[in-house]
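A.B. asks: Structure file input32.csv (CSV, C-alpha atoms (C1' of nucleotides)) right here:
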chain,number,residue,atom,x,y,z
Z,3,MET,CA,-85.9,-58.7,-156.5
Z,4,ARG,CA,-87.7,-60.2,-159.4
Z,5,ARG,CA,-87.7,-63.5,-157.6
Z,6,HIS,CA,-89.3,-61.9,-154.6
Z,7,VAL,CA,-92.0,-60.4,-156.7
Z,8,LEU,CA,-92.8,-63.7,-158.3
Z,9,LEU,CA,-92.8,-65.5,-155.0
Z,10,TYR,CA,-95.1,-62.9,-153.8
Z,11,GLY,CA,-97.6,-63.2,-156.6
Z,12,LEU,CA,-97.4,-67.0,-156.2
Z,13,LEU,CA,-98.2,-66.8,-152.6
Z,14,GLY,CA,-101.1,-64.4,-153.3
Z,15,GLY,CA,-102.5,-66.9,-155.8
Z,16,LEU,CA,-102.1,-69.8,-153.5
Z,17,LEU,CA,-103.8,-67.9,-150.7
Z,18,ILE,CA,-106.7,-67.0,-152.9
Z,19,ALA,CA,-107.0,-70.6,-154.0
Z,20,ALA,CA,-106.9,-71.8,-150.5
Z,21,LEU,CA,-109.4,-69.3,-149.5
Z,22,ARG,CA,-111.7,-70.3,-152.2
Z,23,PHE,CA,-111.3,-73.9,-151.1
Z,24,ILE,CA,-111.9,-73.4,-147.5
Z,25,GLU,CA,-114.9,-71.2,-148.2
Z,26,TYR,CA,-117.3,-74.1,-148.2
Z,27,ARG,CA,-116.3,-75.5,-144.8
Z,28,TRP,CA,-115.0,-73.1,-142.3
Z,29,ILE,CA,-116.7,-70.0,-143.3
Z,30,VAL,CA,-120.2,-70.5,-142.3
Z,31,VAL,CA,-120.0,-68.0,-139.6
Z,32,GLU,CA,-121.9,-64.8,-140.0
Z,33,HIS,CA,-119.9,-61.6,-140.6
Z,34,SER,CA,-117.0,-63.7,-141.7
Z,35,LEU,CA,-116.2,-61.3,-144.5
Z,36,GLU,CA,-114.7,-58.8,-142.2
Z,37,ILE,CA,-112.7,-61.4,-140.5
Z,38,TYR,CA,-111.5,-62.5,-143.8
Z,39,ALA,CA,-110.6,-59.1,-144.8
Z,40,ALA,CA,-108.7,-58.5,-141.6
Z,41,LEU,CA,-106.9,-61.8,-142.0
Z,42,ILE,CA,-105.9,-61.2,-145.5
Z,43,ALA,CA,-104.9,-57.7,-144.8
Z,44,ALA,CA,-102.8,-58.7,-141.8
Z,45,LEU,CA,-101.2,-61.5,-143.8
Z,46,PHE,CA,-100.3,-59.4,-146.7
Z,47,ALA,CA,-99.3,-56.5,-144.6
Z,48,GLY,CA,-96.8,-58.8,-143.0
Z,49,LEU,CA,-95.7,-60.2,-146.3
Z,50,GLY,CA,-95.4,-56.7,-147.7
Z,51,ILE,CA,-93.2,-55.5,-144.8
Z,52,TRP,CA,-91.1,-58.6,-145.1
Z,53,LEU,CA,-90.7,-58.1,-148.8
Z,54,GLY,CA,-89.8,-54.5,-148.2
Z,55,LEU,CA,-87.2,-55.5,-145.7
Z,56,ARG,CA,-85.9,-58.2,-147.9
Z,57,MET,CA,-85.5,-55.9,-150.8
Z,58,THR,CA,-83.5,-53.3,-148.9
Z,59,ARG,CA,-81.5,-56.0,-147.1
Z,60,ARG,CA,-80.4,-57.4,-150.4
Z,61,ALA,CA,-79.2,-54.0,-151.5
Z,62,GLU,CA,-77.1,-53.7,-148.4
Z,63,PHE,CA,-75.7,-57.1,-148.9
Z,64,VAL,CA,-74.7,-56.1,-152.4
Z,65,ILE,CA,-73.0,-53.1,-151.0
Z,66,VAL,CA,-71.1,-55.2,-148.6
Z,67,ARG,CA,-70.0,-57.5,-151.3
Z,68,GLU,CA,-68.8,-54.6,-153.3
Z,69,LEU,CA,-66.8,-53.4,-150.4
Z,70,GLY,CA,-65.3,-56.9,-150.3
Z,71,VAL,CA,-64.0,-56.8,-153.8
Z,72,ALA,CA,-63.0,-53.2,-153.7
Z,73,MET,CA,-60.8,-53.6,-150.7
Z,74,PRO,CA,-58.0,-56.0,-151.6
Z,75,ALA,CA,-56.7,-53.4,-154.0
Z,76,ALA,CA,-55.3,-51.4,-151.1
Z,77,SER,CA,-51.6,-51.5,-150.6
Z,78,ASP,CA,-49.5,-53.9,-152.7
Z,79,PHE,CA,-51.0,-53.7,-156.1
Z,80,GLU,CA,-49.8,-55.9,-159.0
Z,81,ARG,CA,-51.6,-55.9,-162.3
Z,82,ASP,CA,-53.2,-59.2,-163.4
Z,83,GLN,CA,-51.3,-59.1,-166.7
Z,84,ALA,CA,-52.8,-62.4,-167.7
Z,85,ARG,CA,-56.3,-61.1,-167.5
Z,86,ALA,CA,-55.3,-57.8,-169.1
Z,87,SER,CA,-54.0,-59.5,-172.2
Z,88,ALA,CA,-56.8,-62.0,-172.2
Z,89,LEU,CA,-59.1,-59.1,-172.5
Z,90,GLY,CA,-56.9,-57.6,-175.2
Z,91,LEU,CA,-56.2,-54.4,-173.3
Z,92,THR,CA,-53.2,-52.5,-174.7
Z,93,PRO,CA,-50.8,-50.6,-172.5
Z,94,ARG,CA,-52.1,-47.3,-173.7
Z,95,GLU,CA,-55.7,-48.3,-172.9
Z,96,LEU,CA,-54.7,-49.3,-169.4
Z,97,GLU,CA,-53.0,-46.0,-169.0
Z,98,MET,CA,-56.1,-44.1,-170.0
Z,99,LEU,CA,-58.2,-46.3,-167.6
Z,100,GLU,CA,-55.9,-45.3,-164.8
Z,101,HIS,CA,-56.4,-41.7,-165.5
Z,102,VAL,CA,-60.1,-42.2,-165.5
Z,103,ALA,CA,-59.9,-44.0,-162.1
Z,104,ALA,CA,-57.9,-41.0,-160.9
Z,105,GLY,CA,-61.0,-38.9,-161.6
Z,106,LEU,CA,-59.8,-37.0,-164.6
Z,107,SER,CA,-62.0,-35.8,-167.4
Z,108,ASN,CA,-61.3,-36.7,-171.0
Z,109,LYS,CA,-60.0,-33.2,-171.5
Z,110,GLU,CA,-57.6,-33.4,-168.6
Z,111,ILE,CA,-56.4,-36.8,-169.8
Z,112,ALA,CA,-55.8,-35.4,-173.2
Z,113,ALA,CA,-53.8,-32.5,-171.9
Z,114,ARG,CA,-51.8,-34.7,-169.6
Z,115,GLU,CA,-51.0,-37.2,-172.4
Z,116,PHE,CA,-50.4,-34.6,-175.1
Z,117,VAL,CA,-53.0,-36.1,-177.4
Z,118,SER,CA,-56.4,-34.9,-178.6
Z,119,GLU,CA,-59.6,-35.4,-176.6
Z,120,ASN,CA,-60.9,-37.5,-179.5
Z,121,THR,CA,-58.0,-39.9,-179.1
Z,122,VAL,CA,-58.8,-40.3,-175.4
Z,123,LYS,CA,-62.3,-41.0,-176.3
Z,124,THR,CA,-61.5,-43.7,-178.8
Z,125,HIS,CA,-59.1,-45.4,-176.4
Z,126,LEU,CA,-61.8,-45.4,-173.7
Z,127,SER,CA,-64.4,-46.6,-176.1
Z,128,ARG,CA,-62.3,-49.6,-176.7
Z,129,VAL,CA,-61.7,-50.1,-173.0
Z,130,PHE,CA,-65.4,-50.0,-172.3
Z,131,GLU,CA,-66.0,-52.4,-175.0
Z,132,LYS,CA,-63.4,-54.9,-173.8
Z,133,LEU,CA,-64.5,-54.6,-170.2
Z,134,GLY,CA,-68.2,-54.7,-171.0
Z,135,ALA,CA,-68.8,-51.3,-169.4
Z,136,GLN,CA,-71.2,-48.6,-170.4
Z,137,ARG,CA,-69.8,-45.9,-168.1
Z,138,ARG,CA,-66.4,-44.9,-166.9
Z,139,THR,CA,-67.3,-45.4,-163.3
Z,140,GLN,CA,-68.4,-48.9,-164.2
Z,141,ALA,CA,-65.2,-49.5,-166.1
Z,142,VAL,CA,-63.2,-48.4,-163.0
Z,143,GLN,CA,-65.2,-50.7,-160.8
Z,144,ILE,CA,-64.7,-53.7,-163.1
Z,145,ALA,CA,-61.1,-53.0,-163.6
Z,146,LYS,CA,-60.4,-52.7,-159.9
Z,147,ALA,CA,-62.3,-55.9,-159.2
Z,148,GLN,CA,-60.2,-57.7,-161.7
Z,149,ARG,CA,-56.9,-56.2,-160.5
Z,150,LEU,CA,-56.3,-54.4,-163.8
Z,151,ILE,CA,-55.7,-51.1,-162.0
Z,152,ALA,CA,-54.9,-50.1,-158.5
T,22,MET,CA,-92.8,-43.9,-138.4
T,23,ARG,CA,-95.4,-43.8,-135.7
T,24,ARG,CA,-97.5,-41.8,-138.1
T,25,HIS,CA,-97.1,-44.5,-140.7
T,26,VAL,CA,-98.3,-47.2,-138.3
T,27,LEU,CA,-101.2,-45.2,-137.3
T,28,LEU,CA,-102.2,-44.4,-140.8
T,29,TYR,CA,-101.8,-48.0,-141.6
T,30,GLY,CA,-104.1,-49.2,-138.9
T,31,LEU,CA,-106.6,-46.5,-139.7
T,32,LEU,CA,-106.7,-47.5,-143.3
T,33,GLY,CA,-107.2,-51.0,-142.3
T,34,GLY,CA,-110.1,-50.1,-140.1
T,35,LEU,CA,-111.6,-47.9,-142.7
T,36,LEU,CA,-111.3,-50.7,-145.3
T,37,ILE,CA,-113.0,-53.2,-143.0
T,38,ALA,CA,-115.8,-50.7,-142.2
T,39,ALA,CA,-116.2,-49.9,-145.9
T,40,LEU,CA,-116.3,-53.6,-146.7
T,41,ARG,CA,-118.9,-54.2,-144.1
T,42,PHE,CA,-121.0,-51.4,-145.4
T,43,ILE,CA,-120.7,-52.4,-149.0
T,44,GLU,CA,-121.4,-56.0,-148.2
T,45,TYR,CA,-125.1,-55.6,-148.6
T,46,ARG,CA,-125.1,-53.9,-152.0
T,47,TRP,CA,-122.2,-54.8,-154.3
T,48,ILE,CA,-121.7,-58.3,-153.1
T,49,VAL,CA,-124.4,-60.1,-155.0
T,50,VAL,CA,-122.0,-61.4,-157.6
T,51,GLU,CA,-120.9,-64.9,-157.4
T,52,HIS,CA,-117.3,-65.5,-156.5
T,53,SER,CA,-116.8,-62.0,-155.3
T,54,LEU,CA,-115.0,-63.2,-152.3
T,55,GLU,CA,-111.9,-64.0,-154.3
T,56,ILE,CA,-112.0,-60.6,-155.9
T,57,TYR,CA,-112.3,-59.1,-152.6
T,58,ALA,CA,-109.4,-61.1,-151.2
T,59,ALA,CA,-107.3,-60.2,-154.2
T,60,LEU,CA,-108.1,-56.5,-153.8
T,61,ILE,CA,-107.4,-56.4,-150.2
T,62,ALA,CA,-104.3,-58.4,-150.6
T,63,ALA,CA,-103.0,-56.2,-153.3
T,64,LEU,CA,-103.8,-53.1,-151.3
T,65,PHE,CA,-102.2,-54.2,-148.2
T,66,ALA,CA,-99.3,-55.7,-150.0
T,67,GLY,CA,-98.5,-52.3,-151.5
T,68,LEU,CA,-99.0,-50.6,-148.2
T,69,GLY,CA,-96.8,-53.2,-146.5
T,70,ILE,CA,-94.0,-52.8,-149.0
T,71,TRP,CA,-94.2,-49.1,-148.7
T,72,LEU,CA,-94.2,-49.3,-144.9
T,73,GLY,CA,-91.3,-51.8,-144.9
T,74,LEU,CA,-89.3,-49.6,-147.1
T,75,ARG,CA,-90.1,-46.5,-145.1
T,76,MET,CA,-89.1,-48.2,-141.9
T,77,THR,CA,-85.8,-49.4,-143.0
T,78,ARG,CA,-84.9,-46.2,-144.8
T,79,ARG,CA,-83.6,-44.4,-141.8
T,80,ALA,CA,-81.9,-47.3,-140.1
T,81,GLU,CA,-80.1,-48.4,-143.2
T,82,PHE,CA,-76.7,-47.0,-142.7
T,83,VAL,CA,-76.6,-48.4,-139.2
T,84,ILE,CA,-77.5,-51.8,-140.6
T,85,VAL,CA,-74.7,-51.6,-143.0
T,86,ARG,CA,-72.2,-50.9,-140.3
T,87,GLU,CA,-73.6,-53.8,-138.3
T,88,LEU,CA,-73.2,-56.1,-141.3
T,89,GLY,CA,-69.7,-54.7,-141.6
T,90,VAL,CA,-68.7,-56.0,-138.2
T,91,ALA,CA,-70.9,-59.1,-138.4
T,92,MET,CA,-69.2,-60.3,-141.5
T,93,PRO,CA,-65.5,-59.9,-141.0
T,94,ALA,CA,-64.9,-62.4,-143.7
T,95,ALA,CA,-66.1,-59.9,-146.3
T,96,SER,CA,-63.9,-57.0,-145.7
T,97,ASP,CA,-62.2,-54.9,-143.0
T,98,PHE,CA,-63.5,-51.7,-144.3
T,99,GLU,CA,-64.8,-49.2,-141.8
T,100,ARG,CA,-66.0,-45.8,-142.7
T,101,ASP,CA,-64.2,-42.8,-141.3
T,102,GLN,CA,-67.3,-41.6,-139.7
T,103,ALA,CA,-65.5,-38.6,-138.2
T,104,ARG,CA,-64.5,-37.3,-141.5
T,105,ALA,CA,-67.8,-38.1,-143.0
T,106,SER,CA,-69.6,-35.9,-140.5
T,107,ALA,CA,-66.9,-33.4,-140.6
T,108,LEU,CA,-67.7,-33.0,-144.3
T,109,GLY,CA,-71.3,-32.9,-143.5
T,110,LEU,CA,-72.1,-35.9,-145.6
T,111,THR,CA,-75.5,-37.4,-144.8
T,112,PRO,CA,-76.2,-41.1,-144.8
T,113,ARG,CA,-78.3,-40.8,-147.9
T,114,GLU,CA,-75.5,-39.0,-149.7
T,115,LEU,CA,-73.0,-41.6,-148.8
T,116,GLU,CA,-75.4,-44.2,-150.0
T,117,MET,CA,-75.6,-42.5,-153.4
T,118,LEU,CA,-71.9,-42.2,-153.5
T,119,GLU,CA,-71.5,-45.9,-153.0
T,120,HIS,CA,-73.8,-46.6,-155.9
T,121,VAL,CA,-71.7,-44.3,-158.0
T,122,ALA,CA,-68.6,-46.1,-157.0
T,123,ALA,CA,-70.4,-49.3,-158.0
T,124,GLY,CA,-70.6,-47.9,-161.5
T,125,LEU,CA,-74.3,-47.2,-161.6
T,126,SER,CA,-75.8,-44.4,-163.7
T,127,ASN,CA,-78.1,-41.9,-162.1
T,128,LYS,CA,-81.0,-43.6,-163.7
T,129,GLU,CA,-80.0,-46.9,-162.3
T,130,ILE,CA,-79.5,-45.5,-158.8
T,131,ALA,CA,-82.9,-43.8,-159.0
T,132,ALA,CA,-84.5,-47.1,-159.9
T,133,ARG,CA,-82.7,-48.9,-157.2
T,134,GLU,CA,-83.6,-46.4,-154.5
T,135,PHE,CA,-87.1,-45.8,-155.6
T,136,VAL,CA,-86.6,-42.1,-156.1
T,137,SER,CA,-86.5,-39.8,-159.1
T,138,GLU,CA,-83.4,-39.2,-161.2
T,139,ASN,CA,-83.6,-35.6,-160.2
T,140,THR,CA,-83.3,-36.5,-156.5
T,141,VAL,CA,-80.2,-38.6,-157.2
T,142,LYS,CA,-78.7,-35.7,-159.0
T,143,THR,CA,-79.3,-33.3,-156.2
T,144,HIS,CA,-77.9,-35.7,-153.7
T,145,LEU,CA,-74.8,-36.1,-155.8
T,146,SER,CA,-74.5,-32.4,-156.4
T,147,ARG,CA,-74.2,-31.9,-152.7
T,148,VAL,CA,-71.7,-34.8,-152.4
T,149,PHE,CA,-69.6,-33.3,-155.1
T,150,GLU,CA,-69.7,-29.9,-153.5
T,151,LYS,CA,-68.8,-31.3,-150.1
T,152,LEU,CA,-66.0,-33.4,-151.5
T,153,GLY,CA,-64.8,-30.7,-153.8
T,154,ALA,CA,-65.2,-32.9,-156.9
T,155,GLN,CA,-66.3,-31.9,-160.3
T,156,ARG,CA,-67.0,-35.4,-161.6
T,157,ARG,CA,-68.3,-38.6,-160.2
T,158,THR,CA,-65.1,-40.4,-160.9
T,159,GLN,CA,-63.3,-37.8,-159.0
T,160,ALA,CA,-65.7,-38.0,-156.1
T,161,VAL,CA,-65.2,-41.8,-156.0
T,162,GLN,CA,-61.5,-41.3,-156.0
T,163,ILE,CA,-61.6,-38.8,-153.2
T,164,ALA,CA,-64.1,-40.7,-151.1
T,165,LYS,CA,-62.0,-43.9,-151.4
T,166,ALA,CA,-58.8,-42.1,-150.4
T,167,GLN,CA,-60.5,-40.7,-147.4
T,168,ARG,CA,-62.1,-44.0,-146.4
T,169,LEU,CA,-65.6,-42.7,-146.8
T,170,ILE,CA,-66.5,-45.6,-149.1
T,171,ALA,CA,-64.8,-49.0,-149.7
U,16,DC,C1',-94.4,-27.9,-130.6
U,17,DA,C1',-91.3,-25.1,-133.6
U,18,DA,C1',-86.9,-24.8,-135.8
U,19,DA,C1',-83.4,-27.1,-138.3
U,20,DA,C1',-81.8,-30.7,-141.1
U,21,DA,C1',-82.6,-34.2,-144.7
U,22,DA,C1',-84.8,-35.9,-148.4
U,23,DT,C1',-87.6,-35.3,-152.3
U,24,DC,C1',-88.6,-33.4,-157.0
U,25,DA,C1',-88.7,-30.1,-160.9
U,26,DT,C1',-87.0,-27.0,-164.7
U,27,DC,C1',-83.5,-24.9,-167.4
U,28,DC,C1',-79.2,-24.8,-169.4
U,29,DT,C1',-74.3,-26.3,-170.3
U,30,DT,C1',-70.8,-29.6,-170.5
U,31,DT,C1',-69.2,-34.2,-170.6
U,32,DT,C1',-69.6,-38.8,-172.2
U,33,DG,C1',-70.5,-42.6,-175.1
U,34,DG,C1',-71.3,-44.8,-179.7
U,35,DG,C1',-70.5,-45.2,-184.5
U,36,DT,C1',-67.8,-44.5,-188.5
U,37,DG,C1',-64.0,-43.5,-191.2
U,38,DA,C1',-59.2,-42.5,-191.9
U,39,DC,C1',-54.0,-42.2,-191.7
U,40,DG,C1',-49.3,-43.4,-190.3
U,41,DC,C1',-46.1,-46.6,-187.9
U,42,DC,C1',-44.2,-50.8,-187.0
U,43,DA,C1',-43.5,-55.6,-186.3
U,44,DA,C1',-44.5,-60.2,-187.8
U,45,DA,C1',-46.0,-63.3,-191.3
H,29,DT,C1',-43.9,-56.8,-198.7
H,30,DT,C1',-48.2,-57.1,-197.2
H,31,DT,C1',-51.1,-57.6,-193.3
H,32,DG,C1',-52.7,-56.6,-188.8
H,33,DG,C1',-52.4,-54.4,-184.4
H,34,DC,C1',-51.8,-50.0,-182.3
H,35,DG,C1',-52.0,-45.2,-181.7
H,36,DT,C1',-53.7,-41.2,-183.5
H,37,DC,C1',-57.5,-37.9,-185.0
H,38,DA,C1',-62.1,-36.0,-186.8
H,39,DC,C1',-67.1,-35.5,-187.1
H,40,DC,C1',-71.7,-36.4,-185.9
H,41,DC,C1',-75.3,-37.6,-182.8
H,42,DA,C1',-77.6,-39.0,-178.6
H,43,DA,C1',-77.5,-39.8,-173.8
H,44,DA,C1',-75.7,-38.8,-169.4
H,45,DA,C1',-74.0,-35.9,-166.1
H,46,DG,C1',-73.4,-31.5,-163.8
H,47,DG,C1',-74.7,-26.6,-162.1
H,48,DA,C1',-78.0,-23.3,-160.4
H,49,DT,C1',-82.5,-22.4,-158.1
H,50,DG,C1',-86.6,-22.9,-155.9
H,51,DA,C1',-90.0,-25.5,-153.6
H,52,DT,C1',-92.3,-29.1,-150.8
H,53,DT,C1',-92.4,-32.8,-147.5
H,54,DT,C1',-90.4,-35.7,-143.8
H,55,DT,C1',-87.6,-36.4,-140.0
H,56,DT,C1',-84.9,-35.1,-136.4
H,57,DT,C1',-84.1,-32.3,-132.6
H,58,DG,C1',-83.8,-28.5,-129.3
For this file, write the structure as structure tokens.
C.D. replies:
Amino acid sequence: MRRHVLLYGLLGGLLIAALRFIEYRWIVVEHSLEIYAALIAALFAGLGIWLGLRMTRRAEFVIVRELGVAMPAASDFERDQARASALGLTPRELEMLEHVAAGLSNKEIAAREFVSENTVKTHLSRVFEKLGAQRRTQAVQIAKAQRLIA
Amino acid sequence: MRRHVLLYGLLGGLLIAALRFIEYRWIVVEHSLEIYAALIAALFAGLGIWLGLRMTRRAEFVIVRELGVAMPAASDFERDQARASALGLTPRELEMLEHVAAGLSNKEIAAREFVSENTVKTHLSRVFEKLGAQRRTQAVQIAKAQRLIA
DNA sequence: CAAAAAATCATCCTTTTGGGTGACGCCAAA
DNA sequence: TTTGGCGTCACCCAAAAGGATGATTTTTTG
């Protein structure tokens, strides 16, 4: 989106410059200001709509791509052990991550694993750090994309 | 949307009229044309973006589905529309859910969708309620299991 | 057009998460 | 036997998420 904004500004600048340049030739007609205004308005309206469309379309595209990477983890799952160890993820950490992916809260995981909630939190902190995630949902997304969990 | 287009045209007309009117007072400054152009451009750019966004808003989930069938190389995911509507999930809510599944925070979703964080939270609250989830991770798990999201 | 449905936003309050730090015991490998 | 990885736990703090309610605006629909 940043790119679009930049392009947009650039186009605006160019247009202005062009306008300034043409001013001394074409525009000798009376009442040209209104025509100008209308032209610019129409042009930028079009550009704006285009930009708006472009921005939302990109979002959709991203969604589609996310669908793409989320799907292959459907039936026959096999952990990418190589990547797991490359990231330094321990078995325990992967276990915790799976519980997170199953939608459990830290408290529930703690109860299920017979450890304290604090322990769960430290495990997950390390998982997040190793995966470069800030949130559990993000960690799950990343882990699934990399075939670390089902 | 009709209303938007009308409003848009009206604004344009008004602007032109205003411009025409002001022409004989304000515009004694040199190089004011560029300023004018810039102003109009900015104004209509904003309006255009807004309009574009507004227009695509409603049609979005349809577009997503079209993309889904148009890009078979990406994934074979198809939403269980029957279940989605059986649960009373609105397009917007599913959209939010997808963002959650992508690992975004409420704040990030809000920024991406151009709405307030509060709005995201209410949408998600309803999603959780309809899915019977207490947590976002759980909601994602349930939604994926029921083929509501990829 | 009027009613219903969806989307938007806010405020208050509680719970959950995440980050940072420090510590202790176990065990296997250097 | 010492070192380092792993698993365990605690405490504190800040941010994020969730629940409940109420209200307004847009959009859709009968």
A.B. asks: Env of Arg157 of chain T: 8 Å cut, atoms = all atoms listed in the file, seq-sep filter 3 positions within chain, self excluded. Answer as a PDB file with C-alpha atoms, in the frame of the given file.
C.D. replies:
ATOM      1  CA  GLY Z 105     -61.000 -38.900-161.600  1.00  0.00           C
ATOM      2  CA  THR Z 139     -67.300 -45.400-163.300  1.00  0.00           C
TER       3      THR Z 139
ATOM      4  CA  VAL T 121     -71.700 -44.300-158.000  1.00  0.00           C
ATOM      5  CA  PHE T 149     -69.600 -33.300-155.100  1.00  0.00           C
ATOM      6  CA  ALA T 154     -65.200 -32.900-156.900  1.00  0.00           C
ATOM      7  CA  ALA T 160     -65.700 -38.000-156.100  1.00  0.00           C
ATOM      8  CA  VAL T 161     -65.200 -41.800-156.000  1.00  0.00           C
TER       9      VAL T 161
END
A.B. asks: Measure the distance from atom CA of Glu95 of chain Z to atom CA of Glu115 of chain Z in Å and round it to one decimal.
C.D. replies: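 Calculated distance between atom CA of Glu95 of chain Z and atom CA of Glu115 of chain Z is 12.1 Å.
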A.B. asks: Report the distance between atom CA of Glu110 of chain Z and atom CA of Glu150 of chain T in Å, rounded to one decimal place.
C.D. replies: 19.7 Å
A.B. asks: Within 10 Å of chain H, which residues of chain Z show up when using all atoms listed in the file, listed as a list in words?
C.D. replies: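 Written out as asked, the residues are Thr92, Pro93, Arg94, Val117, Ser118, Glu119, Asn120, Thr121, Val122, Thr124, His125 and Arg137 of chain Z.
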A.B. asks: For chain Z against chain U, which residues fall within 9 Å using only C-alpha atoms (C1' of nucleotides), given as a list in words?
C.D. replies: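 Taking only C-alpha atoms (C1' of nucleotides) into account, Ser107, Asn108, Lys123, Ser127, Gln136, Arg137 and Arg138 of chain Z sit within 9 Å of chain U.
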A.B. asks: Write out the residues from the selection above, keeping C-alpha atoms, as a PDB file, in the coordinates of the input.
C.D. replies:
ATOM      1  CA  SER Z 107     -62.000 -35.800-167.400  1.00  0.00           C
ATOM      2  CA  ASN Z 108     -61.300 -36.700-171.000  1.00  0.00           C
ATOM      3  CA  LYS Z 123     -62.300 -41.000-176.300  1.00  0.00           C
ATOM      4  CA  SER Z 127     -64.400 -46.600-176.100  1.00  0.00           C
ATOM      5  CA  GLN Z 136     -71.200 -48.600-170.400  1.00  0.00           C
ATOM      6  CA  ARG Z 137     -69.800 -45.900-168.100  1.00  0.00           C
ATOM      7  CA  ARG Z 138     -66.400 -44.900-166.900  1.00  0.00           C
TER       8      ARG Z 138
END
A.B. asks: Work out how far apart atom CA of Leu99 of chain Z and atom CA of Leu133 of chain Z are and give it in Å to one decimal.
C.D. replies: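 Separation between atom CA of Leu99 of chain Z and atom CA of Leu133 of chain Z: 10.7 Å.
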A.B. asks: Considering all atoms listed in the file, state which residue in the set T:Ile130, T:Leu145, T:Met117, T:Ala122 is at the smallest distance from Gln162 of chain T.
C.D. replies: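 Of the candidates, the smallest distance to Gln162 of chain T is held by T:Ala122.
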